[in-house]
Amino acid sequence: MTEVRDRVAGPRNGDGGAAGGRRPGAWTRVTRAVDGLVDAAVLAFAAWTVIYHVCLLLQPPTWVMLACWAAVSAAGIAVWFRRPAGRPLWDDRVAAAAANRVLAGVAVASAVVAGTSAGLHGEGVPWWCTWAAGAVSVAATAAALLRRPAERAEGADGDGGGAGQPRGDGERGDRDETEAARWGTPLALLTGAGLAVASLFVLNSDGDDAYFVSRSVATAETGRIPMNDVIFTRGTTGAIAGEPPVSSVEVFAGALARIVGVPGASFVWYVLLPAVTFLAIWALWRLVRAWAPRRAALCLAVGVVYLLWTGLSPASLGSFHLLRMWQGKAVLVSLLVPLLFAYLTHWAERRTRRDLVLLGAAGVAAVGLTSTAAFVVSLVVLAAVAPLVVAGRVRTGLAACAAMAYPVAAGLAVILLYDSVSVHGTVHDAPASYRAVLLYATLGVLAGCALWLAPWTVRPGVPALICGGAAALLTLLILPGVLALAADVTGAGQVLWRTMWLVPAPALIGLLAAVRLPDAVRPRISARGARVAAAGAPAAVLAAAIVVGGTPVWAESNGSVVAERPSWKADPARVGTARAIVAEAGPGGIVLMPGRYMRLVPLLTTETHAVNPNSHYLSLLPAPERAVEDRELLSAAVRSARSEKPAPAEVEGALRRLDVRVACAYPWDERGLDLLRTAGYGGDRRIGSLACVFPGGGRR
């Protein structure tokens, strides 16, 4: 029986290899090869981020940065793949998690209550029911995981299944599960490739592109790191407050775009987007392999269904996956968070130098994606470190802090070097943050139950400890006043809803598919098909619930449009109009248009600028108050036909001070056009879908 169990379980690290020194199959070799490529990508991007941060001081051309990066990456990866995995740095084994029936019952029941209460908070369930039940579940789970009864020590080897769940029910069932798992790698490859292609067709524009994509566009045009503002000016104004140039991914994309000779936005949306979309699916596959290797394929399938049907909120994990993966913060939550959880699991189980290096590199790469990494990565690492330390694995836990060293150092550097790091905007409390990210109703209930049940649905040992730590930390964050206190201390209140990114919900909901049905309801026949159907029943029920209770991320109700061909993430007709007006203004010119057109200008060029591409960033622009007021006033003048209009004299003065070369409004906005004509603009001309006038009656 032990031989059969070992064969089913695969390697003890849960990473999908062959057990007992057997020759790996074809898909196992493919899995290892793609894992190696992902690790190499993390190491290479970490090297780029370090080079980028050094070059913030030196300011060399981007081709020099790319040359240094290529040399360092080639040498480092060559050394990396030549070195053996190595022996553990030390051996401090601990017995696996296990619990008696009472603790298990209390933990599971409280987890269901907490998850249900969180998802139904919008229906009137008090929020205290969520954190109180969550705290009870966490306490009972902790007591269970830390008991270490000797008779259950075999769980430390991690052969799949959930803590406290029965093991396999026969050789035939084990073989069925093994055969199902073999479909995982081709499923992950096909799913990743499919979503990578789909990402080219789904349009869901985002106002933040005025900042993120414009940095790539500016880098591609100038071959330099854009240190100052490029959204509103040609670098004559300081950088946007609250947006220190910590992330390196935008400059990386722009530098590569300049080398290959394509526009920065085109490279971002046609090359970077599908690449990271594929890698994000592989990261999810890698995590479910580490946490539920016996039914990893089912877990992956359910997790992907969840991602695709979370269109209930623009801040959901699905909306930050397929729809917005060109932004560094989306890559962090969709790709690096699950990958970091997998790395933490591997490190705690194997404790090799390679795993520790990957942890450190993941932390560096996270900073290169977004400044949010300072607290998101720290939360993920703490979720693993705290339970490891409490369980007695002190050195293993403390060493794992290598992943948060660079993010914390980067955060401290920003605080010390920049005058303003506060992020302006609405501060969301715990219920609003949960509702925005982990959703509500059916999907909110599933996410909550999956979180607090995770220590019992994941395989025992290190994964159970890490999932228990994530549940405990999230419970702490949703206590009344905790996020408000964090907002007061850090000044990052507007983005603290991203603390919910601590929860790898797609993987955790997928883990529910690995729950074994009770013996009483499992078919008592030996037919292989019946056993396979029974194993897949939880996954089918979960997928059906997600589809019925969710909304596709590509739905119009989520602000998405499915294009007929690969396209920029903006309405093609508006892009055409904005491009024609920018060409009319010429380099160095400033254009005025309705907001939905002005937001496109930074995506086209940083040589011509719009009056106000994004009001949020305008409020953070370190410019004279009069200049900011002029831009806001002119935006109001052409916003819509029914909007409140400023006085003619104010419009005339603002147009003169900003030296607007082309001013446009909707053809039916007669009041807006009259304001422009009164200010001395004329030569009416239809450009695209807008009516435009020019200073001096059209004479330039």
# chains A, B, ... in the order shown; residues from 1 in each chain; ligands from 1
call {"tool": "residues_around", "arguments": {"residues": "range 252-265 of chain A", "least_positions_apart": "4", "cutoff": "9 Å", "atoms": "only C-alpha atoms", "output": "list in words"}}
result
Trp48, Thr49, Tyr52, Thr62, Trp63, Met65, Leu66, Val213, Ser214, Arg215, Ser216, Val217, Ala218, Thr219, Ala220, Glu221, Thr222, Gly223, Arg224, Ile225, Ser248, Trp269, Tyr270, Leu272, Trp568, Leu603, Leu604 and Thr605 of chain A
call {"tool": "residues_around", "arguments": {"residues": "range 468-470 of chain A", "least_positions_apart": "2", "cutoff": "9 Å", "atoms": "only C-alpha atoms", "output": "PDB file with C-alpha atoms, in the first residue's frame"}}
result
ATOM      1  CA  VAL A 138      -8.405  30.186  12.737  1.00  0.00           C
ATOM      2  CA  THR A 141      -7.283  25.244  12.937  1.00  0.00           C
ATOM      3  CA  ALA A 142      -4.137  26.490  14.678  1.00  0.00           C
ATOM      4  CA  LEU A 145      -2.166  22.051  13.025  1.00  0.00           C
ATOM      5  CA  LEU A 379       1.715  40.012   3.645  1.00  0.00           C
ATOM      6  CA  VAL A 380       2.196  36.872   1.541  1.00  0.00           C
ATOM      7  CA  LEU A 382       4.208  36.778   6.675  1.00  0.00           C
ATOM      8  CA  ALA A 383       1.355  34.374   5.976  1.00  0.00           C
ATOM      9  CA  ALA A 384       3.976  31.647   5.514  1.00  0.00           C
ATOM     10  CA  VAL A 385       6.599  32.774   8.015  1.00  0.00           C
ATOM     11  CA  ALA A 386       4.343  33.180  11.052  1.00  0.00           C
ATOM     12  CA  PRO A 387       2.933  29.629  11.122  1.00  0.00           C
ATOM     13  CA  LEU A 388       6.334  28.120  10.308  1.00  0.00           C
ATOM     14  CA  LEU A 451     -10.107  30.759   2.418  1.00  0.00           C
ATOM     15  CA  TRP A 452     -11.043  29.561   5.906  1.00  0.00           C
ATOM     16  CA  LEU A 453     -11.385  25.930   4.793  1.00  0.00           C
ATOM     17  CA  ALA A 454      -8.067  25.951   2.932  1.00  0.00           C
ATOM     18  CA  PRO A 455      -5.995  24.365   5.763  1.00  0.00           C
ATOM     19  CA  TRP A 456      -8.395  21.409   5.542  1.00  0.00           C
ATOM     20  CA  PRO A 463       0.719  23.849   2.552  1.00  0.00           C
ATOM     21  CA  ALA A 464      -1.741  23.513   5.451  1.00  0.00           C
ATOM     22  CA  LEU A 465       0.437  25.760   7.612  1.00  0.00           C
ATOM     23  CA  ILE A 466       0.712  28.413   4.887  1.00  0.00           C
ATOM     24  CA  ALA A 472      -5.270  34.141  10.080  1.00  0.00           C
ATOM     25  CA  LEU A 473      -3.716  37.225   8.493  1.00  0.00           C
ATOM     26  CA  LEU A 474      -6.818  38.035   6.453  1.00  0.00           C
ATOM     27  CA  THR A 475      -8.936  37.652   9.601  1.00  0.00           C
ATOM     28  CA  LEU A 502      -3.081  38.120  -0.024  1.00  0.00           C
ATOM     29  CA  VAL A 503      -5.768  35.522  -0.821  1.00  0.00           C
TER      30      VAL A 503
END
call {"tool": "residues_around", "arguments": {"residues": "Ala513 in chain A", "least_positions_apart": "6", "cutoff": "7 Å", "atoms": "only C-alpha atoms", "output": "PyMOL selection string"}}
result
chain A and resi 298-299+538-539
call {"tool": "write_last_selection", "arguments": {"atoms": "all heavy atoms", "output": "compact mmCIF listing (two decimals), in the first residue's frame"}}
result
# COMPACT_ATOMS: atom_id res chain seq x y z
N LEU A 298 -8.18 19.12 -11.88
CA LEU A 298 -9.51 19.60 -11.52
C LEU A 298 -9.43 20.96 -10.84
O LEU A 298 -10.24 21.86 -11.09
CB LEU A 298 -10.21 18.60 -10.61
CG LEU A 298 -10.67 17.28 -11.26
CD1 LEU A 298 -11.24 16.35 -10.20
CD2 LEU A 298 -11.70 17.54 -12.35
N CYS A 299 -8.46 21.10 -9.94
CA CYS A 299 -8.29 22.38 -9.24
C CYS A 299 -7.99 23.49 -10.22
O CYS A 299 -8.52 24.61 -10.10
CB CYS A 299 -7.16 22.26 -8.21
SG CYS A 299 -7.48 21.10 -6.88
N PRO A 538 -17.39 17.21 -7.26
CA PRO A 538 -17.24 18.53 -6.62
C PRO A 538 -16.82 19.62 -7.59
O PRO A 538 -17.29 20.76 -7.50
CB PRO A 538 -16.16 18.27 -5.55
CG PRO A 538 -16.23 16.81 -5.27
CD PRO A 538 -16.56 16.19 -6.59
N ALA A 539 -15.93 19.28 -8.51
CA ALA A 539 -15.48 20.28 -9.49
C ALA A 539 -16.63 20.72 -10.39
O ALA A 539 -16.78 21.92 -10.69
CB ALA A 539 -14.34 19.71 -10.33
call {"tool": "residues_around", "arguments": {"residues": "range 35-41 of chain A", "least_positions_apart": "5", "cutoff": "9 Å", "atoms": "only C-alpha atoms", "output": "NGL selection string"}}
result
:A and (30 or 46 or 73 or 77 or 80-81 or 279 or 282-283 or 286 or 358)
